[in-house]
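Structure below is model-v5.pdb: PDB, C-alpha atoms.
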ATOM      1  CA  MET T  28      -6.317  13.644  -3.039
ATOM      2  CA  LYS T  29      -8.526  10.915  -1.579
ATOM      3  CA  GLN T  30      -6.918   7.792  -0.147
ATOM      4  CA  GLN T  31      -8.427   5.514  -2.822
ATOM      5  CA  GLN T  32      -7.195   7.746  -5.646
ATOM      6  CA  PHE T  33      -3.771   7.871  -4.051
ATOM      7  CA  GLY T  34      -3.705   4.081  -3.725
ATOM      8  CA  ALA T  35      -4.688   3.624  -7.380
ATOM      9  CA  LEU T  36      -2.012   6.083  -8.479
ATOM     10  CA  LEU T  37       0.579   4.337  -6.320
ATOM     11  CA  VAL T  38      -0.272   0.952  -7.858
ATOM     12  CA  LEU T  39      -0.179   2.428 -11.379
ATOM     13  CA  THR T  40       3.238   3.993 -10.710
ATOM     14  CA  ALA T  41       4.598   0.718  -9.332
ATOM     15  CA  VAL T  42       3.293  -1.194 -12.368
ATOM     16  CA  MET T  43       4.882   1.316 -14.728
ATOM     17  CA  PHE T  44       8.250   1.055 -12.978
ATOM     18  CA  VAL T  45       8.077  -2.747 -12.900
ATOM     19  CA  LEU T  46       7.267  -2.893 -16.635
ATOM     20  CA  ALA T  47       9.830  -0.230 -17.580
ATOM     21  CA  PRO T  48      12.809  -2.662 -17.707
ATOM     22  CA  VAL T  49      10.783  -4.921 -20.041
ATOM     23  CA  MET T  50      10.073  -1.982 -22.367
ATOM     24  CA  ILE T  51      13.730  -0.924 -22.215
ATOM     25  CA  ALA T  52      15.007  -4.433 -22.911
ATOM     26  CA  ARG T  53      12.730  -4.692 -25.958
ATOM     27  CA  ALA T  54      13.828  -1.315 -27.355
ATOM     28  CA  PRO T  55      16.382  -1.551 -30.196
ATOM     29  CA  TYR T  56      20.093  -1.090 -29.556
ATOM     30  CA  GLU T  57      21.636   2.241 -30.524
ATOM     31  CA  SER T  58      24.158   1.548 -33.295
ATOM     32  CA  THR T  59      27.271   3.305 -31.938
ATOM     33  CA  MET T  60      26.951   2.960 -28.153
ATOM     34  CA  GLY T  61      25.223  -0.416 -27.874
ATOM     35  CA  LEU T  62      24.040  -1.699 -24.493
ATOM     36  CA  VAL T  63      25.185   1.220 -22.348
ATOM     37  CA  GLN T  64      22.863   3.600 -24.245
ATOM     38  CA  LYS T  65      19.953   1.979 -22.374
ATOM     39  CA  ILE T  66      20.882   4.137 -19.363
ATOM     40  CA  PHE T  67      19.230   6.884 -21.435
ATOM     41  CA  TYR T  68      15.752   5.527 -20.532
ATOM     42  CA  PHE T  69      16.145   6.473 -16.874
ATOM     43  CA  HIS T  70      18.742   9.231 -17.201
ATOM     44  CA  VAL T  71      16.742  11.625 -19.399
ATOM     45  CA  PRO T  72      13.348  11.004 -17.692
ATOM     46  CA  ALA T  73      15.046  11.737 -14.349
ATOM     47  CA  TRP T  74      16.096  15.151 -15.712
ATOM     48  CA  PHE T  75      12.596  15.726 -17.098
ATOM     49  CA  GLY T  76      11.276  14.846 -13.639
ATOM     50  CA  MET T  77      13.742  17.270 -12.088
ATOM     51  CA  PHE T  78      12.678  20.084 -14.430
ATOM     52  CA  LEU T  79       9.009  19.402 -13.640
ATOM     53  CA  ALA T  80       9.746  19.396  -9.902
ATOM     54  CA  ILE T  81      11.702  22.652 -10.209
ATOM     55  CA  PHE T  82       8.913  24.397 -12.129
ATOM     56  CA  VAL T  83       6.326  23.247  -9.583
ATOM     57  CA  CYS T  84       8.648  24.342  -6.757
ATOM     58  CA  GLY T  85       9.294  27.727  -8.393
ATOM     59  CA  ILE T  86       5.641  28.499  -9.140
ATOM     60  CA  ALA T  87       4.542  27.312  -5.678
ATOM     61  CA  SER T  88       7.296  29.427  -4.104
ATOM     62  CA  ALA T  89       6.092  32.477  -6.029
ATOM     63  CA  LEU T  90       2.555  31.858  -4.753
ATOM     64  CA  HIS T  91       3.884  31.544  -1.215
ATOM     65  CA  LEU T  92       6.036  34.682  -1.535
ATOM     66  CA  PHE T  93       3.437  36.943  -3.115
ATOM     67  CA  LYS T  94       0.118  35.454  -1.946
ATOM     68  CA  GLU T  95       1.180  34.017   1.440
ATOM     69  CA  LYS T  96      -0.277  30.594   0.666
ATOM     70  CA  ARG T  97       0.852  27.926   3.171
ATOM     71  CA  VAL T  98      -0.386  25.101   0.907
ATOM     72  CA  ALA T  99       1.878  26.379  -1.867
ATOM     73  CA  ASP T 100       4.821  26.428   0.535
ATOM     74  CA  ARG T 101       4.264  22.768   1.393
ATOM     75  CA  LEU T 102       4.088  21.937  -2.314
ATOM     76  CA  ALA T 103       7.320  23.865  -2.925
ATOM     77  CA  LEU T 104       9.160  21.998  -0.170
ATOM     78  CA  ALA T 105       7.911  18.615  -1.406
ATOM     79  CA  SER T 106       8.887  19.438  -4.999
ATOM     80  CA  ALA T 107      12.344  20.653  -3.953
ATOM     81  CA  GLU T 108      13.071  17.295  -2.334
ATOM     82  CA  LEU T 109      11.997  15.512  -5.499
ATOM     83  CA  ALA T 110      14.062  17.883  -7.647
ATOM     84  CA  THR T 111      17.114  17.016  -5.546
ATOM     85  CA  LEU T 112      16.417  13.276  -5.750
ATOM     86  CA  PHE T 113      15.919  13.325  -9.536
ATOM     87  CA  GLY T 114      19.005  15.500  -9.911
ATOM     88  CA  VAL T 115      21.126  13.005  -7.973
ATOM     89  CA  ILE T 116      19.800  10.209 -10.218
ATOM     90  CA  GLY T 117      20.734  12.226 -13.321
ATOM     91  CA  LEU T 118      24.157  13.139 -11.962
ATOM     92  CA  VAL T 119      24.980   9.518 -11.087
ATOM     93  CA  THR T 120      23.576   7.764 -14.170
ATOM     94  CA  GLY T 121      25.108  10.316 -16.575
ATOM     95  CA  PRO T 122      28.764   9.646 -15.627
ATOM     96  CA  LEU T 123      28.122   5.873 -15.706
ATOM     97  CA  TRP T 124      26.938   6.284 -19.297
ATOM     98  CA  GLY T 125      29.680   8.799 -20.157
ATOM     99  CA  ARG T 126      32.486   6.584 -18.863
ATOM    100  CA  LYS T 127      31.699   4.035 -21.548
ATOM    101  CA  SER T 128      30.638   6.254 -24.434
ATOM    102  CA  TRP T 129      32.939   9.281 -23.864
ATOM    103  CA  GLY T 130      35.801   7.535 -22.071
ATOM    104  CA  VAL T 131      35.566   9.917 -19.088
ATOM    105  CA  TRP T 132      33.351  10.094 -16.020
ATOM    106  CA  TRP T 133      32.904  13.843 -16.172
ATOM    107  CA  GLN T 134      33.553  16.889 -18.377
ATOM    108  CA  TRP T 135      33.355  20.470 -17.156
ATOM    109  CA  ASP T 136      31.293  21.542 -20.151
ATOM    110  CA  ALA T 137      28.405  23.984 -19.978
ATOM    111  CA  ARG T 138      25.665  21.352 -19.610
ATOM    112  CA  LEU T 139      27.270  19.265 -16.895
ATOM    113  CA  THR T 140      28.533  22.255 -14.922
ATOM    114  CA  MET T 141      25.124  23.949 -15.020
ATOM    115  CA  ALA T 142      23.486  20.671 -13.978
ATOM    116  CA  ILE T 143      25.636  20.334 -10.874
ATOM    117  CA  ILE T 144      25.057  24.017 -10.000
ATOM    118  CA  LEU T 145      21.284  23.492 -10.313
ATOM    119  CA  GLU T 146      21.509  20.471  -8.041
ATOM    120  CA  LEU T 147      23.493  22.488  -5.490
ATOM    121  CA  ILE T 148      20.865  25.265  -5.592
ATOM    122  CA  PHE T 149      18.211  22.778  -4.498
ATOM    123  CA  VAL T 150      20.473  21.183  -1.896
ATOM    124  CA  ALA T 151      20.946  24.753  -0.589
ATOM    125  CA  TYR T 152      17.146  25.221  -0.641
ATOM    126  CA  LEU T 153      16.651  22.140   1.551
ATOM    127  CA  LEU T 154      19.466  23.091   3.929
ATOM    128  CA  LEU T 155      17.975  26.561   4.255
ATOM    129  CA  ARG T 156      14.547  25.113   5.007
ATOM    130  CA  LYS T 157      15.959  22.796   7.640
ATOM    131  CA  TYR T 158      18.448  25.032   9.432
ATOM    132  CA  GLY T 159      17.491  28.563   8.359
ATOM    133  CA  GLY T 160      15.157  29.237  11.286
ATOM    134  CA  PRO T 161      12.136  31.590  11.151
ATOM    135  CA  GLY T 162      11.665  33.266   7.765
ATOM    136  CA  SER T 163      13.759  30.700   5.923
ATOM    137  CA  ASP T 164      10.710  29.666   3.881
ATOM    138  CA  LYS T 165      10.742  33.099   2.189
ATOM    139  CA  LEU T 166      14.497  33.046   1.581
ATOM    140  CA  ALA T 167      14.264  29.528   0.187
ATOM    141  CA  GLY T 168      11.363  30.671  -2.011
ATOM    142  CA  GLY T 169      13.619  33.266  -3.620
ATOM    143  CA  LEU T 170      16.271  30.609  -4.148
ATOM    144  CA  ALA T 171      13.702  28.342  -5.833
ATOM    145  CA  LEU T 172      12.770  31.139  -8.268
ATOM    146  CA  PHE T 173      16.459  31.564  -9.058
ATOM    147  CA  GLY T 174      16.751  27.803  -9.603
ATOM    148  CA  MET T 175      13.714  27.783 -11.883
ATOM    149  CA  ALA T 176      15.222  30.584 -13.986
ATOM    150  CA  ASN T 177      18.267  28.369 -14.576
ATOM    151  CA  VAL T 178      16.308  25.516 -16.171
ATOM    152  CA  PRO T 179      15.824  27.014 -19.686
ATOM    153  CA  PHE T 180      19.534  27.926 -19.834
ATOM    154  CA  LEU T 181      20.486  24.408 -18.783
ATOM    155  CA  TYR T 182      18.166  22.920 -21.418
ATOM    156  CA  ILE T 183      19.480  24.981 -24.345
ATOM    157  CA  SER T 184      23.114  24.942 -23.168
ATOM    158  CA  VAL T 185      23.992  21.972 -25.402
ATOM    159  CA  ASN T 186      22.705  23.835 -28.459
ATOM    160  CA  VAL T 187      24.383  27.159 -27.649
ATOM    161  CA  TRP T 188      27.781  25.842 -26.482
ATOM    162  CA  ARG T 189      28.879  22.847 -28.513
ATOM    163  CA  THR T 190      30.014  20.208 -26.047
ATOM    164  CA  ILE T 191      30.569  16.467 -25.860
ATOM    165  CA  HIS T 192      27.006  16.067 -24.534
ATOM    166  CA  PRO T 193      24.298  15.218 -27.153
ATOM    167  CA  ARG T 194      21.998  18.050 -28.287
ATOM    168  CA  THR T 195      18.302  18.416 -27.455
ATOM    169  CA  SER T 196      17.428  17.074 -30.910
ATOM    170  CA  VAL T 197      17.985  13.459 -29.740
ATOM    171  CA  VAL T 198      14.559  12.933 -28.171
ATOM    172  CA  PRO T 199      12.425  14.250 -31.095
ATOM    173  CA  THR T 200      14.358  12.052 -33.542
ATOM    174  CA  LEU T 201      14.093   8.758 -31.644
ATOM    175  CA  VAL T 202      13.157   5.706 -33.723
ATOM    176  CA  PRO T 203       9.691   4.226 -32.947
ATOM    177  CA  GLY T 204      11.046   1.312 -30.854
ATOM    178  CA  MET T 205      12.952   3.686 -28.584
ATOM    179  CA  PHE T 206      10.231   6.328 -28.602
ATOM    180  CA  GLY T 207       7.660   4.144 -26.797
ATOM    181  CA  ALA T 208      10.063   2.930 -24.113
ATOM    182  CA  PHE T 209      11.367   6.444 -23.523
ATOM    183  CA  TRP T 210       7.963   8.091 -23.078
ATOM    184  CA  TRP T 211       6.828   5.157 -20.907
ATOM    185  CA  CYS T 212       9.713   5.945 -18.546
ATOM    186  CA  VAL T 213       8.944   9.687 -18.666
ATOM    187  CA  ALA T 214       5.323   8.929 -17.695
ATOM    188  CA  ALA T 215       6.556   6.658 -14.871
ATOM    189  CA  PHE T 216       8.753   9.442 -13.467
ATOM    190  CA  ILE T 217       5.923  11.996 -13.717
ATOM    191  CA  LEU T 218       3.573   9.619 -11.887
ATOM    192  CA  LEU T 219       6.261   9.013  -9.269
ATOM    193  CA  PHE T 220       6.532  12.768  -8.819
ATOM    194  CA  VAL T 221       2.756  13.123  -8.302
ATOM    195  CA  VAL T 222       2.577  10.214  -5.837
ATOM    196  CA  VAL T 223       5.600  11.234  -3.778
ATOM    197  CA  VAL T 224       4.676  14.921  -3.687
ATOM    198  CA  THR T 225       1.206  13.950  -2.420
ATOM    199  CA  ALA T 226       2.727  11.815   0.351
ATOM    200  CA  ARG T 227       5.261  14.511   1.196
ATOM    201  CA  ILE T 228       2.566  17.215   1.430
ATOM    202  CA  ARG T 229       0.634  14.918   3.767
ATOM    203  CA  LEU T 230       3.743  14.756   5.977
ATOM    204  CA  GLU T 231       3.953  18.564   6.120
ATOM    205  CA  GLU T 232       0.230  18.801   6.947
ATOM    206  CA  GLN T 233       0.696  16.327   9.783
ATOM    207  CA  ARG T 234       3.677  18.306  11.079
ATOM    208  CA  ALA T 235       1.622  21.500  11.016
ATOM    209  CA  GLU T 236      -1.127  19.737  12.946
ATOM    210  CA  LEU T 237       1.449  18.497  15.446
ATOM    211  CA  ASP T 238       2.720  22.051  15.985
ATOM    212  CA  ARG T 239      -0.846  23.256  16.457
ATOM    213  CA  LEU T 240      -1.486  20.577  19.087
ATOM    214  CA  HIS T 241       1.765  21.385  20.895
ATOM    215  CA  LEU T 242       0.703  25.051  21.115
ATOM    216  CA  ALA T 243      -2.779  24.081  22.273
ATOM    217  CA  LEU T 244      -1.274  21.876  24.958
ATOM    218  CA  GLU T 245       1.048  24.673  26.152
ATOM    219  CA  ASP T 246      -1.799  27.220  26.210
ATOM    220  CA  GLY T 247      -4.134  24.815  27.963
TER
ATOM    221  CA  MET K   9      15.503  14.532  12.258
ATOM    222  CA  ARG K  10      19.240  15.003  12.821
ATOM    223  CA  SER K  11      20.097  12.064  10.570
ATOM    224  CA  SER K  12      18.555  13.741   7.495
ATOM    225  CA  GLY K  13      20.738  16.794   8.156
ATOM    226  CA  TYR K  14      23.721  14.513   8.343
ATOM    227  CA  TRP K  15      22.846  13.070   4.926
ATOM    228  CA  PHE K  16      22.583  16.570   3.467
ATOM    229  CA  VAL K  17      26.094  17.335   4.647
ATOM    230  CA  VAL K  18      27.345  14.010   3.239
ATOM    231  CA  LEU K  19      25.737  14.801  -0.136
ATOM    232  CA  VAL K  20      27.320  18.264  -0.284
ATOM    233  CA  VAL K  21      30.739  16.859   0.667
ATOM    234  CA  VAL K  22      30.462  14.134  -2.009
ATOM    235  CA  LEU K  23      29.578  16.714  -4.663
ATOM    236  CA  ILE K  24      32.430  19.030  -3.657
ATOM    237  CA  VAL K  25      34.981  16.193  -3.463
ATOM    238  CA  GLY K  26      33.772  14.873  -6.837
ATOM    239  CA  ALA K  27      34.205  18.314  -8.347
ATOM    240  CA  ALA K  28      37.648  18.781  -6.815
ATOM    241  CA  GLY K  29      38.766  15.350  -8.038
ATOM    242  CA  ASP K  30      38.399  16.420 -11.651
ATOM    243  CA  VAL K  31      39.671  19.963 -11.195
ATOM    244  CA  HIS K  32      42.529  19.484 -13.688
ATOM    245  CA  SER K  33      39.978  19.553 -16.516
ATOM    246  CA  LEU K  34      38.927  23.089 -15.506
ATOM    247  CA  GLY K  35      41.878  24.380 -17.477
ATOM    248  CA  PHE K  36      44.203  25.196 -14.596
ATOM    249  CA  THR K  37      46.715  22.738 -16.096
ATOM    250  CA  GLN K  38      47.324  23.186 -19.801
ATOM    251  CA  PRO K  39      47.114  20.034 -21.936
ATOM    252  CA  GLN K  40      50.339  18.942 -23.556
ATOM    253  CA  GLN K  41      48.694  18.489 -26.946
ATOM    254  CA  PRO K  42      45.575  19.784 -28.704
ATOM    255  CA  ALA K  43      42.443  18.353 -27.084
ATOM    256  CA  GLN K  44      41.166  16.755 -30.296
ATOM    257  CA  ASP K  45      44.257  14.525 -30.510
ATOM    258  CA  GLU K  46      43.167  12.872 -27.269
ATOM    259  CA  PHE K  47      39.989  11.419 -28.787
ATOM    260  CA  ILE K  48      40.194   8.175 -30.689
ATOM    261  CA  PRO K  49      37.339   6.108 -32.167
ATOM    262  CA  LEU K  50      35.893   3.526 -29.785
ATOM    263  CA  ASP K  51      36.776   0.576 -32.026
ATOM    264  CA  GLN K  52      40.462   1.618 -31.938
ATOM    265  CA  VAL K  53      40.656   1.522 -28.148
ATOM    266  CA  PRO K  54      42.913  -1.341 -26.973
ATOM    267  CA  PRO K  55      40.940  -4.285 -25.504
ATOM    268  CA  GLU K  56      42.489  -3.805 -22.047
ATOM    269  CA  ASP K  57      41.107  -0.245 -21.986
ATOM    270  CA  GLN K  58      37.603  -1.181 -23.116
ATOM    271  CA  LEU K  59      34.940  -1.240 -20.427
ATOM    272  CA  PRO K  60      32.116  -3.784 -20.368
ATOM    273  CA  ALA K  61      28.761  -1.984 -20.606
ATOM    274  CA  ALA K  62      26.682  -4.354 -18.458
ATOM    275  CA  PRO K  63      28.149  -3.444 -15.019
ATOM    276  CA  LEU K  64      27.680   0.283 -15.765
ATOM    277  CA  LEU K  65      24.098  -0.291 -16.903
ATOM    278  CA  ILE K  66      23.268  -2.482 -13.906
ATOM    279  CA  THR K  67      24.865   0.033 -11.510
ATOM    280  CA  ALA K  68      22.841   2.865 -13.056
ATOM    281  CA  TYR K  69      19.522   1.023 -12.775
ATOM    282  CA  ALA K  70      20.329  -0.307  -9.310
ATOM    283  CA  PHE K  71      21.125   3.226  -8.155
ATOM    284  CA  VAL K  72      17.788   4.520  -9.488
ATOM    285  CA  TRP K  73      15.814   1.793  -7.718
ATOM    286  CA  VAL K  74      17.736   2.054  -4.451
ATOM    287  CA  SER K  75      17.511   5.860  -4.317
ATOM    288  CA  VAL K  76      13.777   5.894  -5.125
ATOM    289  CA  PHE K  77      12.997   3.153  -2.599
ATOM    290  CA  GLY K  78      15.279   4.789  -0.029
ATOM    291  CA  TYR K  79      13.452   8.084  -0.402
ATOM    292  CA  LEU K  80      10.016   6.413  -0.214
ATOM    293  CA  TRP K  81      11.124   4.582   2.912
ATOM    294  CA  SER K  82      12.344   7.863   4.476
ATOM    295  CA  ILE K  83       8.946   9.492   3.819
ATOM    296  CA  TRP K  84       7.116   6.496   5.253
ATOM    297  CA  ARG K  85       9.366   6.549   8.355
ATOM    298  CA  ARG K  86       8.937  10.308   8.898
ATOM    299  CA  LEU K  87       5.175  10.047   8.354
ATOM    300  CA  SER K  88       4.748   7.208  10.828
ATOM    301  CA  THR K  89       6.855   9.046  13.435
ATOM    302  CA  VAL K  90       4.739  12.199  13.098
ATOM    303  CA  GLU K  91       1.474  10.251  13.134
ATOM    304  CA  LYS K  92       2.571   8.412  16.275
ATOM    305  CA  GLU K  93       3.430  11.710  17.980
ATOM    306  CA  LEU K  94       0.151  13.169  16.763
ATOM    307  CA  SER K  95      -1.982  10.408  18.232
ATOM    308  CA  GLU K  96      -0.036  10.581  21.493
ATOM    309  CA  LEU K  97      -0.517  14.352  21.701
ATOM    310  CA  SER K  98      -4.209  14.134  20.800
ATOM    311  CA  ARG K  99      -4.686  11.625  23.599
ATOM    312  CA  ARG K 100      -2.862  13.923  26.078
ATOM    313  CA  ASN K 101      -4.848  16.918  24.853
ATOM    314  CA  GLU K 102      -8.141  15.124  25.454
ATOM    315  CA  GLU K 103      -7.045  14.274  28.997
TER
END
Would you give me this structure, written as structure tokens?
Amino acid sequence: MKQQQFGALLVLTAVMFVLAPVMIARAPYESTMGLVQKIFYFHVPAWFGMFLAIFVCGIASALHLFKEKRVADRLALASAELATLFGVIGLVTGPLWGRKSWGVWWQWDARLTMAIILELIFVAYLLLRKYGGPGSDKLAGGLALFGMANVPFLYISVNVWRTIHPRTSVVPTLVPGMFGAFWWCVAAFILLFVVVVTARIRLEEQRAELDRLHLALEDG
Amino acid sequence: MRSSGYWFVVLVVVLIVGAAGDVHSLGFTQPQQPAQDEFIPLDQVPPEDQLPAAPLLITAYAFVWVSVFGYLWSIWRRLSTVEKELSELSRRNEE
């Protein structure tokens, strides 16, 4: 991505995040939960962002594993960091919402337990990449594929195992006032993903260049 | 570089401690009464047990902003460190 395009995307993302609270404030109140339901506008988009990051990480890892593409490996690493960040956001905002609407911070139901396991898989991915030594990129790639395979199960878990967590039918049945604010926030998170992944890939490229220069200096 | 590893360890410890803190709900300790009896409608909760929504909402949004900005700052810091090293090494390589 060219620097000008990146700058424009960065500005657009910032504008969307700055305007998001305005959109959320103007959205109607949910009748049973009231004010606390507005956590929904960042909580669910954060999970959508995490799922997107995991799919990108998984597909890029597959390309790296089977086609030996270094670019794909950098994309996978960048996406894994974002998946972990979005997962932490989801895991923190969810209990804050649940404490008010459920009366408890946490329930060990299928959805919440699978969510924390998915988060731990990507924390493990990043630890493996950092401390795993030579060949850890391939091991981590396998872990990312395993993590990606978990996403559909996590998504449908609330429909298969009836739990305290709302079903997946909430988003398609949103009233128009909530619908706009919700998809605005989803778009903001997707743009954030694109911008941050681009910056993070740039960091990996610079590190690769640094390694190359170190080797050149040692050889010379 | 070592500080990011430290934060990974902190994150894992927080997740494990958080999980262990609520371990009684895993079913190791049997509830004294059927689970459904524990749930009461929100409007029947005594006022002293009701939580105000605003602090939870503000905490949630503050956490999102702080974590996103914190992560962006960490990328910016790592990028500037690498670019500084890169320019230094390029200069030495040319010499």
So that each row is one residue of chain K with an atom at most 9 Å from chain T, can you give its shortest atom pair and the distance in Å to one decimal, using all atoms listed in the file, rows by chain and rising number, as a Markdown table?
| residue | atom | partner | partner_atom | distance |
| --- | --- | --- | --- | --- |
| K:Gly13 | CA | T:Lys157 | CA | 7.7 |
| K:Phe16 | CA | T:Leu154 | CA | 7.2 |
| K:Val17 | CA | T:Leu154 | CA | 8.8 |
| K:Leu19 | CA | T:Val150 | CA | 8.5 |
| K:Val20 | CA | T:Val150 | CA | 7.6 |
| K:Leu23 | CA | T:Ile143 | CA | 8.2 |
| K:Asp30 | CA | T:Trp133 | CA | 7.6 |
| K:Val31 | CA | T:Trp135 | CA | 8.7 |
| K:Ser33 | CA | T:Trp135 | CA | 6.7 |
| K:Leu34 | CA | T:Trp135 | CA | 6.4 |
| K:Phe47 | CA | T:Gly130 | CA | 8.8 |
| K:Leu50 | CA | T:Ser128 | CA | 8.0 |
| K:Gln58 | CA | T:Lys127 | CA | 8.0 |
| K:Leu59 | CA | T:Lys127 | CA | 6.3 |
| K:Pro60 | CA | T:Lys127 | CA | 7.9 |
| K:Ala61 | CA | T:Val63 | CA | 5.1 |
| K:Ala62 | CA | T:Val63 | CA | 7.0 |
| K:Leu64 | CA | T:Leu123 | CA | 5.6 |
| K:Leu65 | CA | T:Val63 | CA | 5.8 |
| K:Ile66 | CA | T:Ile66 | CA | 8.9 |
| K:Thr67 | CA | T:Leu123 | CA | 7.9 |
| K:Ala68 | CA | T:Thr120 | CA | 5.1 |
| K:Tyr69 | CA | T:Ile66 | CA | 7.4 |
| K:Phe71 | CA | T:Ile116 | CA | 7.4 |
| K:Val72 | CA | T:Ile116 | CA | 6.1 |
| K:Ser75 | CA | T:Leu112 | CA | 7.6 |
| K:Val76 | CA | T:Leu112 | CA | 7.9 |
| K:Tyr79 | CA | T:Leu112 | CA | 8.0 |
| K:Leu80 | CA | T:Val223 | CA | 7.4 |
| K:Ile83 | CA | T:Arg227 | CA | 6.8 |
| K:Trp84 | CA | T:Ala226 | CA | 8.5 |
| K:Arg86 | CA | T:Leu230 | CA | 7.4 |
| K:Leu87 | CA | T:Leu230 | CA | 5.5 |
| K:Val90 | CA | T:Arg234 | CA | 6.5 |
| K:Glu91 | CA | T:Gln233 | CA | 7.0 |
| K:Glu93 | CA | T:Leu237 | CA | 7.5 |
| K:Leu94 | CA | T:Leu237 | CA | 5.6 |
| K:Leu97 | CA | T:Leu240 | CA | 6.8 |
| K:Ser98 | CA | T:Leu240 | CA | 7.2 |
| K:Arg100 | CA | T:Leu244 | CA | 8.2 |
| K:Asn101 | CA | T:Leu244 | CA | 6.1 |
Go through T:Tyr152, T:Tyr182, T:Tyr56, T:Phe78 one by one, measure the shortest atom-to-atom distance of each to T:Phe220 using only C-alpha atoms, and give the residue with the smallest value.
T:Phe78
Name the residues in contact with T:Pro203 at a cut-off of 10 Å, using all atoms listed in the file, excluding same-chain residues fewer than 4 positions from it; report them as a PyMOL selection string.
chain T and resi 54-55+207-209
Write the selection just made, keeping C-alpha atoms, as an mmCIF file, in the coordinates of the input?
data_model
loop_
_atom_site.group_PDB
_atom_site.id
_atom_site.type_symbol
_atom_site.label_atom_id
_atom_site.label_comp_id
_atom_site.auth_asym_id
_atom_site.auth_seq_id
_atom_site.Cartn_x
_atom_site.Cartn_y
_atom_site.Cartn_z
ATOM 1 C CA ALA T 54 13.828 -1.315 -27.355
ATOM 2 C CA PRO T 55 16.382 -1.551 -30.196
ATOM 3 C CA GLY T 207 7.660 4.144 -26.797
ATOM 4 C CA ALA T 208 10.063 2.930 -24.113
ATOM 5 C CA PHE T 209 11.367 6.444 -23.523
#
Expanded to explicit residues, what is the PyMOL selection byres ((chain T and resi 101) around 12) for this file, as number ranges by chain?
T: 83-84, 87-88, 90-91, 95-100, 102-108, 156, 164, 168, 224-235
Produce a file of the selected residues containing C-alpha atoms, as a PDB file, keeping the file's coordinate frame.
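Final file, again-v8.pdb:
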ATOM      1  CA  VAL T  83       6.326  23.247  -9.583  1.00  0.00           C
ATOM      2  CA  CYS T  84       8.648  24.342  -6.757  1.00  0.00           C
ATOM      3  CA  ALA T  87       4.542  27.312  -5.678  1.00  0.00           C
ATOM      4  CA  SER T  88       7.296  29.427  -4.104  1.00  0.00           C
ATOM      5  CA  LEU T  90       2.555  31.858  -4.753  1.00  0.00           C
ATOM      6  CA  HIS T  91       3.884  31.544  -1.215  1.00  0.00           C
ATOM      7  CA  GLU T  95       1.180  34.017   1.440  1.00  0.00           C
ATOM      8  CA  LYS T  96      -0.277  30.594   0.666  1.00  0.00           C
ATOM      9  CA  ARG T  97       0.852  27.926   3.171  1.00  0.00           C
ATOM     10  CA  VAL T  98      -0.386  25.101   0.907  1.00  0.00           C
ATOM     11  CA  ALA T  99       1.878  26.379  -1.867  1.00  0.00           C
ATOM     12  CA  ASP T 100       4.821  26.428   0.535  1.00  0.00           C
ATOM     13  CA  LEU T 102       4.088  21.937  -2.314  1.00  0.00           C
ATOM     14  CA  ALA T 103       7.320  23.865  -2.925  1.00  0.00           C
ATOM     15  CA  LEU T 104       9.160  21.998  -0.170  1.00  0.00           C
ATOM     16  CA  ALA T 105       7.911  18.615  -1.406  1.00  0.00           C
ATOM     17  CA  SER T 106       8.887  19.438  -4.999  1.00  0.00           C
ATOM     18  CA  ALA T 107      12.344  20.653  -3.953  1.00  0.00           C
ATOM     19  CA  GLU T 108      13.071  17.295  -2.334  1.00  0.00           C
ATOM     20  CA  ARG T 156      14.547  25.113   5.007  1.00  0.00           C
ATOM     21  CA  ASP T 164      10.710  29.666   3.881  1.00  0.00           C
ATOM     22  CA  GLY T 168      11.363  30.671  -2.011  1.00  0.00           C
ATOM     23  CA  VAL T 224       4.676  14.921  -3.687  1.00  0.00           C
ATOM     24  CA  THR T 225       1.206  13.950  -2.420  1.00  0.00           C
ATOM     25  CA  ALA T 226       2.727  11.815   0.351  1.00  0.00           C
ATOM     26  CA  ARG T 227       5.261  14.511   1.196  1.00  0.00           C
ATOM     27  CA  ILE T 228       2.566  17.215   1.430  1.00  0.00           C
ATOM     28  CA  ARG T 229       0.634  14.918   3.767  1.00  0.00           C
ATOM     29  CA  LEU T 230       3.743  14.756   5.977  1.00  0.00           C
ATOM     30  CA  GLU T 231       3.953  18.564   6.120  1.00  0.00           C
ATOM     31  CA  GLU T 232       0.230  18.801   6.947  1.00  0.00           C
ATOM     32  CA  GLN T 233       0.696  16.327   9.783  1.00  0.00           C
ATOM     33  CA  ARG T 234       3.677  18.306  11.079  1.00  0.00           C
ATOM     34  CA  ALA T 235       1.622  21.500  11.016  1.00  0.00           C
TER      35      ALA T 235
END
Interatomic distance (Å, one decimal) between atom CA of T:Leu39 and atom CA of T:Leu79:
19.4 Å
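Put simply, atom CA of T:Thr40 is 12.7 Å away from atom CA of K:Phe77.
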Point-to-point distance in Å for atom CA of T:Gly174 and atom CA of K:Arg85:
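Separation between atom CA of K:Arg85 and atom CA of T:Gly174: 28.8 Å.
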Using all atoms listed in the file: which of K:Ser82, K:Ser88, K:Glu96, K:Glu103 has the shortest distance to K:Trp15
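Comparing K:Ser82, K:Ser88, K:Glu96, K:Glu103 against K:Trp15, the winner is K:Ser82.
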